[in-house]
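Structure data (mmCIF, C-alpha atoms and all ligand atoms) from start-v4.cif:
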```cif
data_entry
loop_
_atom_site.label_atom_id
_atom_site.label_comp_id
_atom_site.auth_asym_id
_atom_site.auth_seq_id
_atom_site.Cartn_x
_atom_site.Cartn_y
_atom_site.Cartn_z
CA MET E 1 2.87 -22.57 -17.10
CA PHE E 2 5.38 -21.65 -14.36
CA GLU E 3 7.16 -24.09 -12.12
CA GLU E 4 7.86 -21.39 -9.54
CA ALA E 5 4.98 -19.12 -8.59
CA LEU E 6 5.01 -15.52 -9.86
CA HIS E 7 3.94 -13.22 -7.04
CA VAL E 8 2.52 -9.77 -6.56
CA GLY E 9 4.85 -8.39 -3.90
CA ARG E 10 7.92 -10.61 -4.33
CA PRO E 11 10.46 -8.75 -2.15
CA ASN E 12 13.10 -6.59 -3.80
CA ILE E 13 16.54 -7.58 -2.54
CA GLY E 14 19.30 -5.01 -2.94
CA ASN E 15 23.03 -5.62 -2.51
CA ARG E 16 23.11 -8.75 -0.34
CA HIS E 17 26.82 -8.43 0.32
CA LYS E 18 26.46 -4.90 1.70
CA LEU E 19 23.49 -5.93 3.80
CA LEU E 20 25.40 -8.80 5.37
CA GLU E 21 28.36 -6.51 6.05
CA ARG E 22 26.02 -4.14 7.87
CA VAL E 23 24.42 -6.99 9.83
CA ASN E 24 27.89 -8.17 10.89
CA ASP E 25 28.73 -4.64 12.01
CA ILE E 26 25.51 -4.52 14.05
CA LEU E 27 26.43 -7.81 15.73
CA ASP E 28 29.97 -6.59 16.42
CA ARG E 29 28.66 -3.40 17.99
CA ARG E 30 26.08 -5.31 20.05
CA TRP E 31 23.57 -2.56 19.54
CA LEU E 32 20.47 -4.18 18.16
CA THR E 33 17.59 -1.76 18.69
CA ASN E 34 16.44 1.38 20.62
CA ARG E 35 17.35 3.93 17.94
CA GLY E 36 20.91 2.84 17.22
CA LEU E 37 23.18 4.28 14.53
CA TYR E 38 21.49 2.40 11.67
CA VAL E 39 17.97 3.56 12.56
CA GLN E 40 19.21 7.14 12.91
CA ASP E 41 20.98 6.92 9.54
CA PHE E 42 17.92 5.39 7.87
CA GLU E 43 15.64 8.10 9.30
CA ARG E 44 17.95 10.87 8.06
CA ARG E 45 18.19 9.36 4.57
CA VAL E 46 14.42 8.94 4.30
CA ALA E 47 13.75 12.49 5.53
CA ASP E 48 16.27 13.89 3.01
CA LEU E 49 14.83 11.91 0.13
CA LEU E 50 11.26 12.90 0.97
CA GLU E 51 12.23 16.51 1.71
CA VAL E 52 10.60 16.46 5.15
CA LYS E 53 11.89 17.63 8.52
CA HIS E 54 11.18 14.49 10.52
CA CYS E 55 11.11 10.74 9.90
CA ILE E 56 10.31 8.40 12.79
CA ALA E 57 11.06 4.81 11.78
CA MET E 58 8.61 2.23 13.11
CA CYS E 59 8.28 -1.53 13.50
CA ASN E 60 5.56 -1.65 10.81
CA GLY E 61 3.12 0.56 8.91
CA THR E 62 0.08 -0.44 11.00
CA VAL E 63 1.63 0.63 14.31
CA ALA E 64 2.87 3.80 12.57
CA LEU E 65 -0.75 4.56 11.58
CA GLU E 66 -1.99 3.84 15.12
CA ILE E 67 0.60 6.09 16.73
CA ALA E 68 0.26 8.90 14.18
CA SER E 69 -3.55 9.03 14.40
CA ARG E 70 -3.41 8.93 18.21
CA ALA E 71 -0.71 11.62 18.39
CA MET E 72 -2.90 13.79 16.15
CA ASN E 73 -5.77 13.46 18.67
CA MET E 74 -8.05 11.66 16.26
CA ARG E 75 -11.13 10.48 18.19
CA GLY E 76 -14.84 9.91 17.62
CA GLU E 77 -15.16 9.39 13.86
CA VAL E 78 -12.52 9.48 11.14
CA ILE E 79 -13.32 9.35 7.44
CA VAL E 80 -11.38 6.69 5.49
CA PRO E 81 -11.79 4.88 2.18
CA SER E 82 -13.08 1.32 2.42
CA HIS E 83 -11.11 0.42 -0.69
CA THR E 84 -7.74 -0.04 1.03
CA PHE E 85 -5.75 -2.62 2.95
CA VAL E 86 -7.66 -3.33 6.16
CA ALA E 87 -4.89 -1.86 8.35
CA THR E 88 -6.06 1.66 7.41
CA ALA E 89 -9.38 0.99 9.18
CA HIS E 90 -7.99 -1.27 11.92
CA CYS E 91 -5.56 1.42 13.14
CA LEU E 92 -8.62 3.45 14.15
CA GLN E 93 -10.94 0.74 15.44
CA TRP E 94 -8.05 -0.58 17.56
CA GLN E 95 -8.34 2.72 19.48
CA GLU E 96 -12.14 2.64 19.46
CA ILE E 97 -12.27 5.42 16.90
CA THR E 98 -15.04 4.76 14.35
CA PRO E 99 -13.82 4.50 10.77
CA VAL E 100 -16.50 6.10 8.58
CA PHE E 101 -16.16 4.55 5.15
CA CYS E 102 -16.12 6.86 2.17
CA ASP E 103 -16.51 5.90 -1.48
CA VAL E 104 -13.67 6.30 -3.97
CA GLY E 105 -13.44 7.88 -7.42
CA PRO E 106 -13.97 5.26 -10.14
CA GLU E 107 -10.89 6.45 -12.05
CA THR E 108 -8.61 7.59 -9.20
CA HIS E 109 -9.44 4.63 -6.90
CA ASN E 110 -8.76 7.16 -4.10
CA ILE E 111 -11.08 8.72 -1.51
CA ASP E 112 -13.65 10.97 -3.23
CA PRO E 113 -13.44 14.46 -1.64
CA GLU E 114 -17.00 15.30 -2.69
CA LYS E 115 -18.26 12.28 -0.74
CA VAL E 116 -16.07 13.20 2.26
CA LYS E 117 -18.02 16.42 2.76
CA GLY E 118 -21.30 14.52 3.14
CA LEU E 119 -19.88 12.29 5.90
CA ILE E 120 -18.70 15.03 8.26
CA THR E 121 -20.59 15.11 11.58
CA PRO E 122 -19.93 16.87 14.91
CA ARG E 123 -18.00 13.74 15.96
CA THR E 124 -15.60 13.84 13.01
CA THR E 125 -12.01 14.64 13.96
CA GLY E 126 -10.02 13.63 10.91
CA ILE E 127 -9.58 12.22 7.44
CA ILE E 128 -7.16 9.51 6.34
CA GLY E 129 -6.50 9.54 2.59
CA VAL E 130 -4.68 6.58 1.04
CA HIS E 131 -2.45 7.19 -2.00
CA LEU E 132 -3.56 3.88 -3.49
CA TRP E 133 -1.12 2.25 -5.94
CA GLY E 134 1.16 5.26 -5.26
CA ARG E 135 -1.21 7.59 -7.12
CA PRO E 136 -1.72 10.76 -5.02
CA CYS E 137 -5.08 11.58 -3.46
CA GLU E 138 -6.72 14.86 -4.46
CA ILE E 139 -4.52 16.46 -1.85
CA GLU E 140 -5.38 20.15 -2.23
CA ILE E 141 -9.13 19.55 -2.07
CA LEU E 142 -8.74 17.37 1.02
CA GLU E 143 -6.54 20.03 2.63
CA THR E 144 -9.20 22.67 1.98
CA ILE E 145 -11.94 20.48 3.51
CA ALA E 146 -9.76 19.66 6.53
CA ALA E 147 -8.97 23.34 7.12
CA LYS E 148 -12.62 24.40 6.72
CA TYR E 149 -13.95 21.85 9.21
CA ASN E 150 -10.92 21.89 11.52
CA LEU E 151 -10.08 18.24 10.86
CA LYS E 152 -6.74 16.47 11.06
CA LEU E 153 -5.42 15.14 7.76
CA LEU E 154 -3.25 12.02 7.66
CA PHE E 155 -2.13 10.24 4.51
CA ASP E 156 -1.53 6.51 4.37
CA ALA E 157 1.31 6.55 1.85
CA SER E 158 2.12 2.85 2.25
CA HIS E 159 2.15 2.38 -1.53
CA ALA E 160 3.75 5.67 -2.41
CA PHE E 161 7.45 5.64 -1.52
CA GLY E 162 9.36 7.39 -4.31
CA CYS E 163 6.25 9.01 -5.88
CA THR E 164 5.65 12.73 -6.37
CA HIS E 165 2.71 15.13 -6.49
CA ARG E 166 3.25 18.37 -8.42
CA GLY E 167 6.95 17.55 -8.41
CA LYS E 168 7.13 17.23 -4.61
CA PRO E 169 7.71 13.83 -2.96
CA LEU E 170 4.70 12.30 -1.27
CA GLY E 171 5.47 12.38 2.44
CA GLY E 172 5.29 16.12 3.00
CA PHE E 173 1.52 16.60 2.74
CA GLY E 174 -1.25 16.85 5.34
CA ASP E 175 -0.33 16.87 9.04
CA ALA E 176 1.70 13.70 8.57
CA GLU E 177 2.13 10.75 6.21
CA VAL E 178 2.76 7.09 6.96
CA PHE E 179 4.80 4.59 4.93
CA SER E 180 4.96 0.83 5.11
CA PHE E 181 8.27 -0.92 4.50
CA HIS E 182 6.76 -4.39 4.63
CA ALA E 183 8.60 -7.11 2.67
CA THR E 184 6.18 -6.71 -0.25
CA LYS E 185 6.73 -2.95 -0.65
CA ILE E 186 9.02 -1.20 -3.15
CA LEU E 187 11.40 -0.38 -0.28
CA ASN E 188 11.47 -2.99 2.43
CA THR E 189 12.94 -3.40 5.89
CA PHE E 190 11.49 -6.96 6.25
CA GLU E 191 8.81 -5.46 8.50
CA GLY E 192 8.80 -1.71 9.03
CA GLY E 193 7.20 1.64 8.53
CA ALA E 194 7.64 5.33 9.25
CA VAL E 195 5.75 8.48 10.10
CA VAL E 196 7.05 11.57 8.31
CA THR E 197 6.01 15.13 9.08
CA ASN E 198 7.13 18.75 9.00
CA ASP E 199 5.43 19.46 12.34
CA ASP E 200 8.08 19.66 15.11
CA ASP E 201 5.65 19.20 18.03
CA LEU E 202 3.89 16.28 16.40
CA ALA E 203 7.23 14.59 15.62
CA GLU E 204 8.33 14.96 19.23
CA LYS E 205 5.08 13.48 20.51
CA ILE E 206 5.27 10.55 18.07
CA ARG E 207 8.86 9.82 19.11
CA LEU E 208 7.78 9.69 22.74
CA MET E 209 4.77 7.52 22.00
CA GLN E 210 6.76 4.95 20.01
CA ASN E 211 9.18 4.49 22.92
CA PHE E 212 6.83 3.99 25.93
CA GLY E 213 6.77 7.75 26.58
CA PHE E 214 10.42 7.82 27.74
CA ALA E 215 11.98 11.28 27.70
CA GLY E 216 15.23 9.97 29.17
CA MET E 217 16.27 7.16 31.45
CA ASP E 218 13.58 6.46 34.09
CA ASN E 219 11.59 9.49 32.95
CA VAL E 220 8.23 8.63 31.41
CA ILE E 221 6.28 11.76 30.48
CA HIS E 222 3.64 10.42 28.11
CA LEU E 223 1.50 7.39 27.35
CA GLY E 224 3.39 5.23 24.90
CA THR E 225 3.83 1.86 23.28
CA ASN E 226 6.61 0.01 21.50
CA GLY E 227 6.78 1.04 17.85
CA LYS E 228 10.55 0.92 17.40
CA MET E 229 12.37 -0.30 14.33
CA ASN E 230 15.33 -2.58 14.99
CA GLU E 231 18.86 -2.13 13.62
CA VAL E 232 18.81 -5.05 11.16
CA SER E 233 15.60 -3.71 9.60
CA ALA E 234 17.22 -0.29 9.30
CA ALA E 235 20.28 -1.88 7.65
CA MET E 236 17.95 -3.54 5.13
CA GLY E 237 16.26 -0.16 4.59
CA ILE E 238 19.56 1.65 3.97
CA THR E 239 20.73 -1.08 1.61
CA SER E 240 17.38 -1.04 -0.23
CA LEU E 241 17.50 2.76 -0.53
CA GLU E 242 20.82 2.41 -2.37
CA SER E 243 19.04 0.27 -4.99
CA LEU E 244 15.71 2.11 -5.01
CA ASP E 245 16.26 3.58 -8.49
CA ASP E 246 16.98 0.10 -9.86
CA PHE E 247 13.80 -1.30 -8.26
CA ILE E 248 11.72 1.50 -9.75
CA ASP E 249 13.38 1.08 -13.17
CA ALA E 250 12.58 -2.64 -13.15
CA ASN E 251 8.95 -1.92 -12.20
CA ARG E 252 8.59 0.78 -14.82
CA HIS E 253 10.05 -1.48 -17.47
CA ASN E 254 7.62 -4.23 -16.46
CA TYR E 255 4.70 -1.80 -16.47
CA ASP E 256 5.65 -0.51 -19.96
CA THR E 257 5.92 -4.09 -21.23
CA PHE E 258 2.46 -4.90 -19.82
CA ARG E 259 1.13 -1.70 -21.43
CA THR E 260 2.49 -2.70 -24.85
CA TYR E 261 0.83 -6.11 -24.72
CA PHE E 262 -2.39 -4.74 -23.22
CA SER E 263 -2.82 -2.52 -26.27
CA ASP E 264 -3.83 -5.80 -27.99
CA ILE E 265 -6.26 -6.65 -25.16
CA PRO E 266 -8.81 -3.80 -25.30
CA GLU E 267 -11.34 -5.78 -23.23
CA ILE E 268 -9.20 -5.25 -20.12
CA LYS E 269 -8.06 -1.91 -18.78
CA LEU E 270 -4.62 -1.32 -17.29
CA ILE E 271 -4.56 1.66 -14.91
CA ASN E 272 -2.45 4.69 -15.87
CA TYR E 273 0.19 6.58 -13.98
CA ASN E 274 0.74 10.32 -14.51
CA THR E 275 3.90 10.42 -16.62
CA HIS E 276 4.64 14.01 -15.51
CA GLU E 277 5.24 12.76 -11.98
CA LYS E 278 7.58 10.19 -10.43
CA ASN E 279 5.83 6.87 -9.82
CA ASN E 280 7.18 3.66 -8.34
CA TYR E 281 5.02 1.42 -10.60
CA GLN E 282 4.79 -1.04 -7.72
CA TYR E 283 1.37 -2.33 -8.73
CA VAL E 284 0.22 -3.48 -12.15
CA VAL E 285 -3.52 -3.06 -11.72
CA THR E 286 -6.08 -4.23 -14.27
CA VAL E 287 -9.82 -3.56 -14.36
CA ILE E 288 -11.85 -6.51 -15.62
CA ASP E 289 -15.39 -5.40 -16.33
CA GLU E 290 -17.34 -8.61 -16.97
CA ASN E 291 -19.58 -6.89 -19.53
CA LYS E 292 -16.57 -5.90 -21.63
CA ALA E 293 -14.28 -8.84 -21.01
CA GLY E 294 -17.01 -11.50 -21.21
CA ILE E 295 -15.49 -13.24 -18.20
CA HIS E 296 -15.66 -12.52 -14.49
CA ARG E 297 -12.48 -11.31 -12.80
CA ASP E 298 -12.61 -14.24 -10.36
CA LEU E 299 -12.64 -16.85 -13.12
CA LEU E 300 -9.69 -15.21 -14.87
CA MET E 301 -7.84 -15.08 -11.54
CA GLN E 302 -8.56 -18.74 -10.92
CA ILE E 303 -7.15 -19.69 -14.31
CA LEU E 304 -4.03 -17.53 -13.82
CA GLN E 305 -3.44 -18.98 -10.38
CA ALA E 306 -3.84 -22.52 -11.73
CA GLU E 307 -0.86 -21.66 -13.97
CA ASN E 308 1.10 -20.37 -10.93
CA ILE E 309 0.56 -16.69 -11.78
CA MET E 310 -0.51 -15.50 -8.32
CA ALA E 311 -2.63 -12.50 -9.36
CA ARG E 312 -4.37 -10.81 -6.40
CA ARG E 313 -7.74 -9.07 -6.12
CA TYR E 314 -6.58 -6.17 -3.94
CA PHE E 315 -8.65 -4.99 -1.93
CA HIS E 316 -11.57 -7.35 -2.20
CA PRO E 317 -14.16 -7.25 -0.69
CA GLY E 318 -13.51 -3.78 0.84
CA CYS E 319 -13.03 -3.10 4.57
CA HIS E 320 -16.77 -2.55 5.05
CA ARG E 321 -17.38 -6.20 4.13
CA MET E 322 -14.80 -7.50 6.60
CA GLU E 323 -15.21 -8.03 10.34
CA PRO E 324 -15.79 -6.24 12.62
CA TYR E 325 -17.05 -3.55 10.22
CA LYS E 326 -19.48 -5.90 8.42
CA SER E 327 -21.34 -6.45 11.69
CA PHE E 328 -21.13 -2.82 12.79
CA PHE E 329 -22.34 -1.39 9.46
CA PRO E 330 -24.26 -4.10 7.57
CA ASN E 331 -25.62 -1.60 5.04
CA ALA E 332 -22.44 0.38 4.43
CA GLY E 333 -22.24 -0.94 0.87
CA LEU E 334 -25.28 1.13 -0.12
CA LEU E 335 -23.15 4.27 0.20
CA LEU E 336 -20.14 2.73 -1.51
CA PRO E 337 -21.19 1.80 -5.06
CA LYS E 338 -17.82 2.60 -6.69
CA THR E 339 -15.94 0.68 -4.00
CA GLU E 340 -18.19 -2.35 -4.55
CA GLN E 341 -17.72 -2.12 -8.32
CA LEU E 342 -13.93 -1.86 -8.07
CA SER E 343 -13.60 -4.64 -5.54
CA GLU E 344 -15.47 -6.92 -7.99
CA SER E 345 -13.29 -6.00 -10.96
CA LEU E 346 -9.68 -5.20 -9.97
CA LEU E 347 -6.88 -7.70 -10.43
CA CYS E 348 -3.22 -7.00 -9.62
CA LEU E 349 -0.67 -8.85 -11.73
CA PRO E 350 2.79 -9.97 -10.67
CA THR E 351 5.64 -7.51 -11.12
CA GLY E 352 8.85 -6.50 -9.33
CA THR E 353 12.49 -7.39 -9.77
CA ALA E 354 11.75 -11.13 -9.80
CA ILE E 355 10.05 -11.06 -13.23
CA GLY E 356 10.81 -9.58 -16.67
CA PRO E 357 9.62 -9.39 -20.29
CA THR E 358 9.63 -13.17 -20.88
CA GLU E 359 7.21 -13.86 -18.03
CA ILE E 360 5.07 -10.84 -18.92
CA LEU E 361 4.69 -12.04 -22.52
CA GLN E 362 3.58 -15.45 -21.22
CA ILE E 363 1.09 -13.87 -18.80
CA CYS E 364 -0.40 -11.66 -21.53
CA ASN E 365 -0.53 -14.53 -24.02
CA LEU E 366 -2.43 -16.60 -21.49
CA ILE E 367 -4.89 -13.74 -20.81
CA GLN E 368 -5.48 -13.38 -24.56
CA PHE E 369 -5.97 -17.12 -24.89
CA VAL E 370 -8.50 -17.12 -22.05
CA LEU E 371 -10.45 -14.22 -23.54
CA GLY E 372 -10.39 -15.88 -26.99
CA SER E 373 -11.63 -19.15 -25.51
CA ARG E 374 -14.04 -17.76 -22.93
CA ALA E 375 -17.14 -19.31 -24.48
CA GLU E 376 -15.55 -22.75 -24.56
CA ILE E 377 -14.14 -22.37 -21.04
CA LYS E 378 -17.56 -21.43 -19.69
CA ASP E 379 -19.22 -24.32 -21.59
CA ARG E 380 -16.74 -26.81 -20.20
CA LEU E 381 -17.13 -25.42 -16.70
CA SER E 382 -20.90 -25.28 -16.77
CA GLY E 383 -21.24 -29.04 -16.36
CA LYS E 384 -18.58 -29.27 -13.70
CA ARG E 385 -17.83 -28.09 -10.23
CA SER E 386 -16.02 -24.73 -10.38
CA GLY E 387 -13.09 -26.18 -8.41
CA ASP E 388 -12.22 -28.53 -11.35
CA ILE E 389 -10.39 -25.77 -13.17
CA GLU E 390 -7.72 -25.73 -10.48
CA ASN E 391 -6.66 -29.19 -11.61
N1 LIG R 401 -1.95 0.63 4.51
C1 LIG R 401 -1.90 0.12 3.27
C2 LIG R 401 -2.56 0.86 2.16
C3 LIG R 401 -1.21 -1.08 3.02
O1 LIG R 401 -1.18 -1.60 1.77
C4 LIG R 401 -0.58 -1.74 4.09
C5 LIG R 401 0.08 -3.02 3.87
C6 LIG R 401 -0.65 -1.15 5.38
C7 LIG R 401 -1.35 0.04 5.54
C8 LIG R 401 -0.03 -1.78 6.58
O2 LIG R 401 1.37 -1.80 6.54
P1 LIG R 401 2.22 -2.98 7.31
O3 LIG R 401 1.74 -3.00 8.73
O4 LIG R 401 1.96 -4.28 6.59
O5 LIG R 401 3.65 -2.50 7.19
C9 LIG R 401 0.37 -7.69 1.84
C10 LIG R 401 1.22 -7.17 2.97
O6 LIG R 401 1.29 -8.09 4.05
C11 LIG R 401 0.77 -5.84 3.49
O7 LIG R 401 1.90 -5.29 4.16
C12 LIG R 401 0.40 -4.91 2.36
N2 LIG R 401 -0.14 -3.67 2.81
C13 LIG R 401 -0.62 -5.57 1.46
C14 LIG R 401 -0.97 -4.71 0.29
O8 LIG R 401 -0.04 -6.73 0.93
P2 LIG R 401 -1.12 -9.80 1.74
O9 LIG R 401 -2.22 -10.33 2.55
O10 LIG R 401 -1.31 -9.67 0.29
O11 LIG R 401 0.26 -10.59 2.06
P3 LIG R 401 0.83 -11.93 1.48
O12 LIG R 401 1.57 -12.60 2.55
O13 LIG R 401 -0.23 -12.67 0.76
O14 LIG R 401 1.93 -11.44 0.44
C15 LIG R 401 1.64 -10.92 -0.85
C16 LIG R 401 2.44 -11.66 -1.90
O15 LIG R 401 3.82 -11.45 -1.73
C17 LIG R 401 2.21 -13.15 -1.89
O16 LIG R 401 1.76 -13.50 -3.16
C18 LIG R 401 3.56 -13.77 -1.59
C19 LIG R 401 4.57 -12.67 -1.77
N3 LIG R 401 5.57 -12.66 -0.71
C20 LIG R 401 5.18 -12.21 0.55
C21 LIG R 401 6.11 -12.16 1.56
C22 LIG R 401 5.69 -11.67 2.93
C23 LIG R 401 6.85 -13.09 -0.94
O17 LIG R 401 7.16 -13.52 -2.08
N4 LIG R 401 7.78 -13.01 0.06
C24 LIG R 401 7.47 -12.56 1.32
O18 LIG R 401 8.36 -12.49 2.20
O19 LIG R 401 -0.75 -8.38 2.35
#
```

The structure in this file should be written as structure tokens.
Ligand code: T4K
Amino acid sequence: MFEEALHVGRPNIGNRHKLLERVNDILDRRWLTNRGLYVQDFERRVADLLEVKHCIAMCNGTVALEIASRAMNMRGEVIVPSHTFVATAHCLQWQEITPVFCDVGPETHNIDPEKVKGLITPRTTGIIGVHLWGRPCEIEILETIAAKYNLKLLFDASHAFGCTHRGKPLGGFGDAEVFSFHATKILNTFEGGAVVTNDDDLAEKIRLMQNFGFAGMDNVIHLGTNGKMNEVSAAMGITSLESLDDFIDANRHNYDTFRTYFSDIPEIKLINYNTHEKNNYQYVVTVIDENKAGIHRDLLMQILQAENIMARRYFHPGCHRMEPYKSFFPNAGLLLPKTEQLSESLLCLPTGTAIGPTEILQICNLIQFVLGSRAEIKDRLSGKRSGDIEN
């Protein structure tokens, strides 16, 4: 159907001319990294936009999670959803902190606070909530639990740049929040991330830790690593920030177009966003329940991909079914029924500034065709190897 593949996560490119001007300026100045003018400017703009006191720009979201959780003294066990990108769990295990996987709400797709309570042990030191698809966690309930049990609360807001909760930008909740500015994110710095917080002491510690613990030339006062963002990434971030509203508009328009067509496809559910809040509409997420749709999510995905529509089953099969967690906790799935159900049924469709109404109509027409022909498709496939459909 499409000569060029349609991707989930095709990077948004802002004003190329301005970016190249900034890159030339960086080269002229010969200041390429170590918190130069562009990183400082990017940090200030992000902090202002998110209404937080501190933004520490990082080389990527994963390192930002590692440094933030370490600076917050997370140790022992930390409660995290399994239904997330694996970096949320890896940032802990990398430091030999045990990620304790918690189930998610079937509608919210976010960590279920009721289930969190049941996982707290004397070894628990924190909770990491993920604002999946940019939809906020149940923040107030998690804050109450964290306060009651004296736990640290970190939010992985990798999907949530530009989103609000009760009218306030995500970024200012919990002890700290972490963003990813990976190429596939609404705002990208090629690779990049940030920790944002209102806690002065925590910010100072994180700044030290991301720069080898240096408190000045030759003066190392803390254990540290290298989590710095470089100047070209910051220039990309600044340039992308100037087009952020356009990126979000394009995503919202795409989402609304999908919603219109999906009203004629009742067998498949498209997830909702709270229209009273700001959303970035970065992910177009569908739920394909085989009993309702009459076709398994994986078969539909295979057909879409054969037509160059690169739909993705984020976050199949769940962290608990990936290594090393699968070996550590072979029975974790028994406590994660909603996670297992979602990871068998979710499918993310392409969106972003690289596609528009024409492509969306074609995608939806194809989905309708597949659902209308599911019996015939299954009959034809039943006598063949499943791989044949790719041809
Ligand atoms: N926490 C959460 C909740 C996250 O979602 C992520 C990252 C993190 C933490 C960690 O943050 P970082 O350390 O990454 O900053 C992608 C991204 O690599 C990953 O950053 C992201 N989450 C995750 C949701 O998506 P994959 O395995 O899907 O990547 P990949 O290479 O298959 O790319 C996705 C699609 O985008 C492909 O269909 C191709 C397209 N694409 C990709 C790149 C890199 C392009 O068109 N151009 C490009 O330059 O993980």

Tell me, in Å to one decimal, how far atom CA of Gly213 of chain E is from atom CA of Asp200 of chain E.
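Interatomic distance, atom CA of Gly213 of chain E to atom CA of Asp200 of chain E: 16.6 Å.
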
Check which residues fall inside 7 Å of ligand LIG 401 (chain R) when counting only C-alpha atoms and all ligand atoms, and print them as an mmCIF file with C-alpha atoms, in the coordinates of the input.
```cif
data_model
loop_
_atom_site.group_PDB
_atom_site.id
_atom_site.type_symbol
_atom_site.label_atom_id
_atom_site.label_comp_id
_atom_site.auth_asym_id
_atom_site.auth_seq_id
_atom_site.Cartn_x
_atom_site.Cartn_y
_atom_site.Cartn_z
ATOM 1 C CA HIS E 7 3.940 -13.220 -7.040
ATOM 2 C CA VAL E 8 2.520 -9.770 -6.560
ATOM 3 C CA GLY E 9 4.850 -8.390 -3.900
ATOM 4 C CA ARG E 10 7.920 -10.610 -4.330
ATOM 5 C CA PRO E 11 10.460 -8.750 -2.150
ATOM 6 C CA ASN E 60 5.560 -1.650 10.810
ATOM 7 C CA GLY E 61 3.120 0.560 8.910
ATOM 8 C CA THR E 62 0.080 -0.440 11.000
ATOM 9 C CA VAL E 63 1.630 0.630 14.310
ATOM 10 C CA THR E 84 -7.740 -0.040 1.030
ATOM 11 C CA PHE E 85 -5.750 -2.620 2.950
ATOM 12 C CA ALA E 87 -4.890 -1.860 8.350
ATOM 13 C CA THR E 88 -6.060 1.660 7.410
ATOM 14 C CA VAL E 130 -4.680 6.580 1.040
ATOM 15 C CA LEU E 132 -3.560 3.880 -3.490
ATOM 16 C CA ASP E 156 -1.530 6.510 4.370
ATOM 17 C CA ALA E 157 1.310 6.550 1.850
ATOM 18 C CA SER E 158 2.120 2.850 2.250
ATOM 19 C CA HIS E 159 2.150 2.380 -1.530
ATOM 20 C CA SER E 180 4.960 0.830 5.110
ATOM 21 C CA PHE E 181 8.270 -0.920 4.500
ATOM 22 C CA HIS E 182 6.760 -4.390 4.630
ATOM 23 C CA ALA E 183 8.600 -7.110 2.670
ATOM 24 C CA THR E 184 6.180 -6.710 -0.250
ATOM 25 C CA GLU E 191 8.810 -5.460 8.500
ATOM 26 C CA GLY E 192 8.800 -1.710 9.030
ATOM 27 C CA GLY E 193 7.200 1.640 8.530
ATOM 28 C CA MET E 310 -0.510 -15.500 -8.320
#
```

Mind pulling up the distance from atom CA of Arg312 of chain E to atom CA of Met1 of chain E?
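Distance between the two atoms: 17.5 Å.
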
Quote the spacing between atom CA of His90 of chain E and atom CA of Arg70 of chain E in Å to one decimal place.
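Computing the Euclidean distance for atom CA of His90 of chain E and atom CA of Arg70 of chain E yields 12.8 Å.
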
Segment 242-290 of chain E near segment 164-172 of chain E within 9 Å: what's each residue's closest atom pair and its distance in Å to one decimal, counting all atoms listed in the file, ordered by chain then ascending residue number, as a Markdown table?
```
| residue | atom | partner | partner_atom | distance |
| --- | --- | --- | --- | --- |
| E:His276 | CA | E:Gly167 | CA | 8.3 |
| E:Glu277 | CA | E:Thr164 | CA | 5.6 |
| E:Lys278 | CA | E:Thr164 | CA | 5.2 |
| E:Asn279 | CA | E:Thr164 | CA | 6.8 |
```

Pull the neighbourhood of (-15.3, -2.1, 6.5) for me: all residues within 12 Å in file coordinates, counting only C-alpha atoms, as number ranges by chain.
E: 79-90, 92-93, 98-103, 315-333, 335-336, 339-340

Could you please give me, as a list in words, the residues of protein, DNA or RNA lying at most 10 Å from (22.9, 2.2, 4.0) in the coordinate frame of the file, considering only C-alpha atoms?
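Residues found, by chain and rising number: Lys18, Leu19, Arg22, Tyr38, Val39, Asp41, Phe42, Arg45, Ala234, Ala235, Met236, Gly237, Ile238, Thr239, Ser240, Leu241, Glu242 and Ser243 of chain E.
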
Write the residues of the preceding selection, restricted to C-alpha atoms, as a CSV table (one decimal), keeping the file's coordinate frame.
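Saved the output as selection.csv:
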```csv
chain,number,residue,atom,x,y,z
E,18,LYS,CA,26.5,-4.9,1.7
E,19,LEU,CA,23.5,-5.9,3.8
E,22,ARG,CA,26.0,-4.1,7.9
E,38,TYR,CA,21.5,2.4,11.7
E,39,VAL,CA,18.0,3.6,12.6
E,41,ASP,CA,21.0,6.9,9.5
E,42,PHE,CA,17.9,5.4,7.9
E,45,ARG,CA,18.2,9.4,4.6
E,234,ALA,CA,17.2,-0.3,9.3
E,235,ALA,CA,20.3,-1.9,7.6
E,236,MET,CA,18.0,-3.5,5.1
E,237,GLY,CA,16.3,-0.2,4.6
E,238,ILE,CA,19.6,1.6,4.0
E,239,THR,CA,20.7,-1.1,1.6
E,240,SER,CA,17.4,-1.0,-0.2
E,241,LEU,CA,17.5,2.8,-0.5
E,242,GLU,CA,20.8,2.4,-2.4
E,243,SER,CA,19.0,0.3,-5.0
```
